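Peer 1: Have a look at this one before I ask anything.
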Protein chains: 2
Amino acid sequence: MELRHIRYFLAVAEERNFTRAAARLGIGQPPLSSQIRDLEAEIGVQLFHRVAHGAELTEAGQGFRDAVAPLPGQFAAAIRVAQRAGRGETGQLGIGLTGTAALNPIVPDAIRSFGRAYPDVELRVEEASSLTLLNNIVEGRLDVAILRPAESDPVELREESLAEEPLVVVLPAAHPAAQDRRPLDLPLLRDDALILTPRSVGTSLHDAALAACRAAGFEPRLGQPAPQIASILSLVAAELGVSLVPASMRQLNVHGVVFRSIRAPTPRIGLAVVYRKTLPPPLATNFARIARNVARDRR
Amino acid sequence: MELRHIRYFLAVAEERNFTRAAARLGIGQPPLSSQIRDLEAEIGVQLFHRVAHGAELTEAGQGFRDAVAPLPGQFAAAIRVAQRAGRGETGQLGIGLTGTAALNPIVPDAIRSFGRAYPDVELRVEEASSLTLLNNIVEGRLDVAILRPAESDPVELREESLAEEPLVVVLPAAHPAAQDRRPLDLPLLRDDALILTPRSVGTSLHDAALAACRAAGFEPRLGQPAPQIASILSLVAAELGVSLVPASMRQLNVHGVVFRSIRAPTPRIGLAVVYRKTLPPPLATNFARIARNVARDRR
DNA sequence: CTTTCTCCATATGTCATAGATATGGCATGG
DNA sequence: CCATGCCATATCTATGACATATGGAGAAAG
């Protein structure tokens, strides 16, 4: 049995007339009769009484009609579902964020915009280190991520830059350089311990901070490693050292720390949206597009 | 799109492998590839990622699978519905009864048996005059009826006799013949008014009663007509006359009336199940069969 | 790095069958 | 009684579903 038989059957059931039903279906009457006869033979039950003035449903035909009437609509609905999913308007989207990326206002903006543009998409947001996120995307556990891009990121991923922001210095409130509000000369920190997350957590910020110090002409002394970005601020507040962080972390109001911008050449760090180059979920590219738009409008 | 495409799609989606899916479907791999390609072209969306080790569902494919997975089962269910209805195991059955037929114990027995044998059939029982019932059956408003058959019943109906029962006389308790318990000689009633329903309500009992009197050698005097069978007893109790009724009406305990059987040759009246000769609903023939069985077992 | 295996796509031929056309039978109605 | 409307049968055509043969590409194995 094929959908064709159902469509033909329903047409005859509605018209109560083979000839008119055939016309409506755009075929001749004999093939329609033949198809209905085949259908009846297959299910072993007569569906129509052929009477002089047309065709009447039998009891079996009525039951059959009730059972199959919704089927053509379900076929059509399935097609629409597939098309919408193909355009990336439905489904699930797993978004990954790193600790510092989540603090950049572009990120909540982008997620909010996406949620409005694709209300039928189920969002799943998780925070993890850059390396975890990149791995998850490569292996398909995650669709897209916003993070700090690094040279070492896998080549099979597409990274689209969203923004660049300056690094700023974080000092304990009691630090001698904490009172000055002017841009700070990095070499002033040459004697302080530099608190960073381990390079295994995120290469980008780690490398950017080290590179900034070296560009300023000194090799920093590394202090205690911080397990996560947010805990850098706690360690600084505890006067265990100083650190360099993206400017957007200024919005974290941690007691006992002071942020100071850095005198030119100001080191900068990027923010990028990342997804698979091959077979990207349509949702992922849609999300990336919206994130780019949000970033552009903010610039 | 045809059901075939759905079956093929679901097989590939499950096997994640065109070759195995084709084997399971009993066709070759190239035609399967071709059918899937046609399906994708029709809905304009790629459903599978063709990768080295097989085929993976795209987002669209996953949505499509969720939407179409139940369809093959629904086709099968529709076939079963039609087959059951074709065997007369489901649907509605309209049963008509005349006033006197309803009193014969065969009738409730038959309805009860049918309800047990076909629990999925929705029963609709109505009581009306023979002529109304016969008309309703001819015109399709009713499927089957149990009534007192008459020669004048439409030939396009099939009547299957269920039983015959004797007529008995109904007398007012004060009637001179009411005391005797032996079978009564009909001519004893030649001076009493005979109370009957109008011939337009039911020819059978009307004619049978008149015929019995004439066979007994007298022309009865007709009393006031009774609108329904049951009201005959009330009119007799009111001493407006006597009547002849089927023996099964004895179970009506109306105060002030006495039943007496009739001396041979005892007039008899039939009980029959009636349904259309042409295009009888399967349920109607099933009901008639059960009614015949019940009647046979009671004999 | 080459070989081999696996799997899907392409190419081509065949056959089943959906459908067209022509016609006949059977009711109903003027 | 003939005209009309409707469905069934008969026959032909052509689309397309499927089989067979082959190619190409990636992964696994040597």
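Quick note on naming: the chains in the structure tokens go A, B, ... in the order shown, residues restart at 1 in each chain, and ligands are numbered from 1 in order of appearance.
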Enumerate as JSON, numbers by chain all residues of range 25-198 of chain B assigned to strand (DSSP E or B) by DSSP on the backbone, naming them with the chain letters and numbers the document uses.
Peer 2: {"B": [48, 49, 50, 51, 54, 55, 56, 57, 91, 92, 93, 94, 95, 96, 97, 121, 122, 123, 124, 125, 126, 127, 144, 145, 146, 147, 157, 158, 159, 160, 161, 162, 163, 164, 165, 166, 167, 168, 169, 170, 171, 172, 184, 193, 194]}
Peer 1: Could you please select, counting only C-alpha atoms (C1' of nucleotides), the residues of chain C within 8 Å of chain A and state them as a PyMOL selection string?
Peer 2: chain C and resi 18-20+26-28
Peer 1: Taking the backbone alone, and naming residues the way the document does, which bits of range 202-287 of chain A are alpha helix (DSSP H) by DSSP, as a list in words?
Peer 2: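 For range 202-287 of chain A, the alpha helix (DSSP H) set is Thr203, Ser204, Leu205, His206, Asp207, Ala208, Ala209, Leu210, Ala211, Ala212, Cys213, Arg214, Ala215, Ile229, Ala230, Ser231, Ile232, Leu233, Ser234, Leu235, Val236, Ala237, Pro282, Leu283, Ala284, Thr285, Asn286 and Phe287 of chain A.
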Peer 1: Figure out the distance between CA of Gly44 in chain A and C1' of DC15 in chain C, please, to one decimal in Å.
Peer 2: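 Going from C1' of DC15 in chain C over to CA of Gly44 in chain A covers 26.7 Å.
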Peer 1: Between CA of Ala173 in chain A and CA of Ala237 in chain A, what is the distance, to one decimal in Å?
Peer 2: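 So the two atoms, CA of Ala173 in chain A and CA of Ala237 in chain A, lie 7.4 Å apart.
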Peer 1: Once you count only C-alpha atoms (C1' of nucleotides), what closest atom pair and distance in Å to one decimal does each residue of chain D within 9 Å of chain B have, with rows by chain and rising residue number, as JSON lines?
Peer 2:
```
{"residue": "D:DA17", "atom": "C1'", "partner": "B:Pro31", "partner_atom": "CA", "distance": 7.3}
{"residue": "D:DC18", "atom": "C1'", "partner": "B:Pro31", "partner_atom": "CA", "distance": 6.0}
{"residue": "D:DA19", "atom": "C1'", "partner": "B:Gly28", "partner_atom": "CA", "distance": 7.1}
{"residue": "D:DA25", "atom": "C1'", "partner": "B:Ala52", "partner_atom": "CA", "distance": 7.8}
{"residue": "D:DG26", "atom": "C1'", "partner": "B:Ala52", "partner_atom": "CA", "distance": 5.3}
{"residue": "D:DA27", "atom": "C1'", "partner": "B:Ala52", "partner_atom": "CA", "distance": 7.1}
```
Peer 1: Filtering to N, CA, C and O atoms (P, O5', C5', C4', C3', O3' and C1' of nucleotides), could you give me those residues as a short mmCIF file (atom, residue, chain, number, x, y, z; two decimals), in the first residue's frame?
Peer 2:
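Dumped everything to result-v5.cif:
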```cif
data_model
loop_
_atom_site.label_atom_id
_atom_site.label_comp_id
_atom_site.auth_asym_id
_atom_site.auth_seq_id
_atom_site.Cartn_x
_atom_site.Cartn_y
_atom_site.Cartn_z
P DA D 17 9.99 5.58 -8.64
"O5'" DA D 17 10.05 4.17 -7.93
"C5'" DA D 17 9.05 3.21 -8.20
"C4'" DA D 17 9.64 1.81 -8.29
"C3'" DA D 17 10.80 1.53 -7.33
"O3'" DA D 17 10.62 0.23 -6.77
"C1'" DA D 17 11.50 1.11 -9.55
P DC D 18 11.58 -0.21 -5.59
"O5'" DC D 18 12.63 -1.14 -6.31
"C5'" DC D 18 12.17 -2.27 -7.05
"C4'" DC D 18 13.25 -2.80 -7.95
"C3'" DC D 18 14.60 -3.06 -7.27
"O3'" DC D 18 14.80 -4.46 -7.14
"C1'" DC D 18 14.84 -2.13 -9.46
P DA D 19 16.21 -4.97 -6.54
"O5'" DA D 19 16.99 -5.43 -7.86
"C5'" DA D 19 16.33 -6.25 -8.82
"C4'" DA D 19 17.30 -6.65 -9.93
"C3'" DA D 19 18.68 -7.06 -9.44
"O3'" DA D 19 19.15 -8.20 -10.16
"C1'" DA D 19 18.86 -5.16 -10.88
P DA D 25 37.53 10.26 -6.18
"O5'" DA D 25 37.12 10.56 -4.67
"C5'" DA D 25 35.78 10.29 -4.23
"C4'" DA D 25 35.82 9.83 -2.79
"C3'" DA D 25 37.13 10.17 -2.06
"O3'" DA D 25 36.83 10.58 -0.74
"C1'" DA D 25 36.74 7.87 -1.95
P DG D 26 37.89 11.48 0.05
"O5'" DG D 26 37.88 10.83 1.51
"C5'" DG D 26 36.64 10.63 2.16
"C4'" DG D 26 36.71 9.35 2.97
"C3'" DG D 26 37.85 9.30 4.00
"O3'" DG D 26 37.30 9.01 5.27
"C1'" DG D 26 37.80 7.32 2.68
P DA D 27 38.13 9.15 6.58
"O5'" DA D 27 38.33 7.65 7.04
"C5'" DA D 27 37.17 6.87 7.32
"C4'" DA D 27 37.55 5.41 7.46
"C3'" DA D 27 38.63 5.13 8.52
"O3'" DA D 27 38.23 3.99 9.27
"C1'" DA D 27 39.29 4.22 6.44
#
```
Peer 1: Hey, which bits of chain B sit within 10 Å of chain A, and for each residue what's the closest pair of atoms and how far apart in Å (one decimal), counting only C-alpha atoms, rows by chain and increasing number, as JSON lines?
Peer 2:
```
{"residue": "B:Met1", "atom": "CA", "partner": "A:Leu3", "partner_atom": "CA", "distance": 7.6}
{"residue": "B:Glu2", "atom": "CA", "partner": "A:Leu3", "partner_atom": "CA", "distance": 5.0}
{"residue": "B:Leu3", "atom": "CA", "partner": "A:Glu2", "partner_atom": "CA", "distance": 5.0}
{"residue": "B:Arg4", "atom": "CA", "partner": "A:Glu2", "partner_atom": "CA", "distance": 6.7}
{"residue": "B:His5", "atom": "CA", "partner": "A:Glu2", "partner_atom": "CA", "distance": 9.5}
{"residue": "B:Ile6", "atom": "CA", "partner": "A:Phe75", "partner_atom": "CA", "distance": 9.3}
{"residue": "B:Leu39", "atom": "CA", "partner": "A:Ile79", "partner_atom": "CA", "distance": 9.9}
{"residue": "B:Glu40", "atom": "CA", "partner": "A:Ala82", "partner_atom": "CA", "distance": 9.8}
{"residue": "B:Glu42", "atom": "CA", "partner": "A:Ile79", "partner_atom": "CA", "distance": 9.0}
{"residue": "B:Ile43", "atom": "CA", "partner": "A:Ile79", "partner_atom": "CA", "distance": 6.0}
{"residue": "B:Gly44", "atom": "CA", "partner": "A:Gln83", "partner_atom": "CA", "distance": 7.1}
{"residue": "B:Val45", "atom": "CA", "partner": "A:Gly86", "partner_atom": "CA", "distance": 5.9}
{"residue": "B:Gln46", "atom": "CA", "partner": "A:Gly86", "partner_atom": "CA", "distance": 7.4}
{"residue": "B:Leu47", "atom": "CA", "partner": "A:Ala82", "partner_atom": "CA", "distance": 8.0}
{"residue": "B:His49", "atom": "CA", "partner": "A:Leu279", "partner_atom": "CA", "distance": 7.9}
{"residue": "B:Thr58", "atom": "CA", "partner": "A:Pro281", "partner_atom": "CA", "distance": 7.9}
{"residue": "B:Glu59", "atom": "CA", "partner": "A:Ala85", "partner_atom": "CA", "distance": 6.0}
{"residue": "B:Ala60", "atom": "CA", "partner": "A:Ala82", "partner_atom": "CA", "distance": 4.5}
{"residue": "B:Gly61", "atom": "CA", "partner": "A:Ala82", "partner_atom": "CA", "distance": 6.4}
{"residue": "B:Gln62", "atom": "CA", "partner": "A:Ala82", "partner_atom": "CA", "distance": 8.0}
{"residue": "B:Gly63", "atom": "CA", "partner": "A:Ala82", "partner_atom": "CA", "distance": 5.6}
{"residue": "B:Phe64", "atom": "CA", "partner": "A:Ala82", "partner_atom": "CA", "distance": 4.9}
{"residue": "B:Arg65", "atom": "CA", "partner": "A:Ala78", "partner_atom": "CA", "distance": 8.2}
{"residue": "B:Asp66", "atom": "CA", "partner": "A:Ala78", "partner_atom": "CA", "distance": 8.3}
{"residue": "B:Ala67", "atom": "CA", "partner": "A:Ala78", "partner_atom": "CA", "distance": 5.0}
{"residue": "B:Val68", "atom": "CA", "partner": "A:Ala78", "partner_atom": "CA", "distance": 6.2}
{"residue": "B:Ala69", "atom": "CA", "partner": "A:Ala78", "partner_atom": "CA", "distance": 9.8}
{"residue": "B:Pro70", "atom": "CA", "partner": "A:Gln74", "partner_atom": "CA", "distance": 9.7}
{"residue": "B:Leu71", "atom": "CA", "partner": "A:Leu71", "partner_atom": "CA", "distance": 7.5}
{"residue": "B:Gln74", "atom": "CA", "partner": "A:Val68", "partner_atom": "CA", "distance": 7.7}
{"residue": "B:Phe75", "atom": "CA", "partner": "A:Val68", "partner_atom": "CA", "distance": 7.2}
{"residue": "B:Ala76", "atom": "CA", "partner": "A:Met1", "partner_atom": "CA", "distance": 9.5}
{"residue": "B:Ala77", "atom": "CA", "partner": "A:Ala67", "partner_atom": "CA", "distance": 7.6}
{"residue": "B:Ala78", "atom": "CA", "partner": "A:Ala67", "partner_atom": "CA", "distance": 5.0}
{"residue": "B:Ile79", "atom": "CA", "partner": "A:Ile43", "partner_atom": "CA", "distance": 6.0}
{"residue": "B:Arg80", "atom": "CA", "partner": "A:Ile43", "partner_atom": "CA", "distance": 8.2}
{"residue": "B:Val81", "atom": "CA", "partner": "A:Gly63", "partner_atom": "CA", "distance": 6.0}
{"residue": "B:Ala82", "atom": "CA", "partner": "A:Ala60", "partner_atom": "CA", "distance": 4.5}
{"residue": "B:Gln83", "atom": "CA", "partner": "A:Val45", "partner_atom": "CA", "distance": 6.1}
{"residue": "B:Arg84", "atom": "CA", "partner": "A:Ala60", "partner_atom": "CA", "distance": 7.5}
{"residue": "B:Ala85", "atom": "CA", "partner": "A:Ala60", "partner_atom": "CA", "distance": 4.5}
{"residue": "B:Gly86", "atom": "CA", "partner": "A:Ala60", "partner_atom": "CA", "distance": 4.7}
{"residue": "B:Arg87", "atom": "CA", "partner": "A:Ala60", "partner_atom": "CA", "distance": 8.3}
{"residue": "B:Gly88", "atom": "CA", "partner": "A:Glu59", "partner_atom": "CA", "distance": 8.1}
{"residue": "B:Glu89", "atom": "CA", "partner": "A:Ala60", "partner_atom": "CA", "distance": 9.9}
{"residue": "B:Thr90", "atom": "CA", "partner": "A:Gly63", "partner_atom": "CA", "distance": 8.6}
{"residue": "B:Gly91", "atom": "CA", "partner": "A:Glu59", "partner_atom": "CA", "distance": 7.2}
{"residue": "B:Gln92", "atom": "CA", "partner": "A:Glu59", "partner_atom": "CA", "distance": 9.0}
{"residue": "B:Leu279", "atom": "CA", "partner": "A:His49", "partner_atom": "CA", "distance": 7.7}
{"residue": "B:Pro280", "atom": "CA", "partner": "A:Thr58", "partner_atom": "CA", "distance": 9.8}
{"residue": "B:Pro281", "atom": "CA", "partner": "A:Glu59", "partner_atom": "CA", "distance": 6.9}
{"residue": "B:Pro282", "atom": "CA", "partner": "A:Glu59", "partner_atom": "CA", "distance": 7.8}
{"residue": "B:Leu283", "atom": "CA", "partner": "A:Glu59", "partner_atom": "CA", "distance": 8.9}
```
Peer 1: Could you name the residues that touch DT10 in chain C at 10 Å or less, counting only C-alpha atoms (C1' of nucleotides), but leaving out those on the same chain fewer than 2 positions away, as a VMD selection string?
Peer 2: (chain B and resid 30) or (chain C and resid 8 12) or (chain D and resid 22 to 24)
Peer 1: When distances are computed from only C-alpha atoms, which of B:Arg289, B:Arg190, B:Arg20, B:Arg214 shows the smallest separation from Val273 in chain B?
Peer 2: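 The closest residue to Val273 in chain B is B:Arg289.
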Peer 1: So which residues touch Arg199 in chain A within 12 Å, counting only C-alpha atoms (C1' of nucleotides), skipping near sequence neighbours fewer than 4 positions away, as JSON, numbers by chain?
Peer 2: {"A": [129, 130, 131, 150, 152, 195, 203, 204, 205, 206, 207, 208, 209, 210, 222, 225, 226, 227, 228, 229]}
Peer 1: Please indicate the distance in Å from CA of Phe48 in chain A to CA of Ala11 in chain A, rounded to one decimal place.
Peer 2: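 Interatomic distance, CA of Phe48 in chain A to CA of Ala11 in chain A: 12.3 Å.
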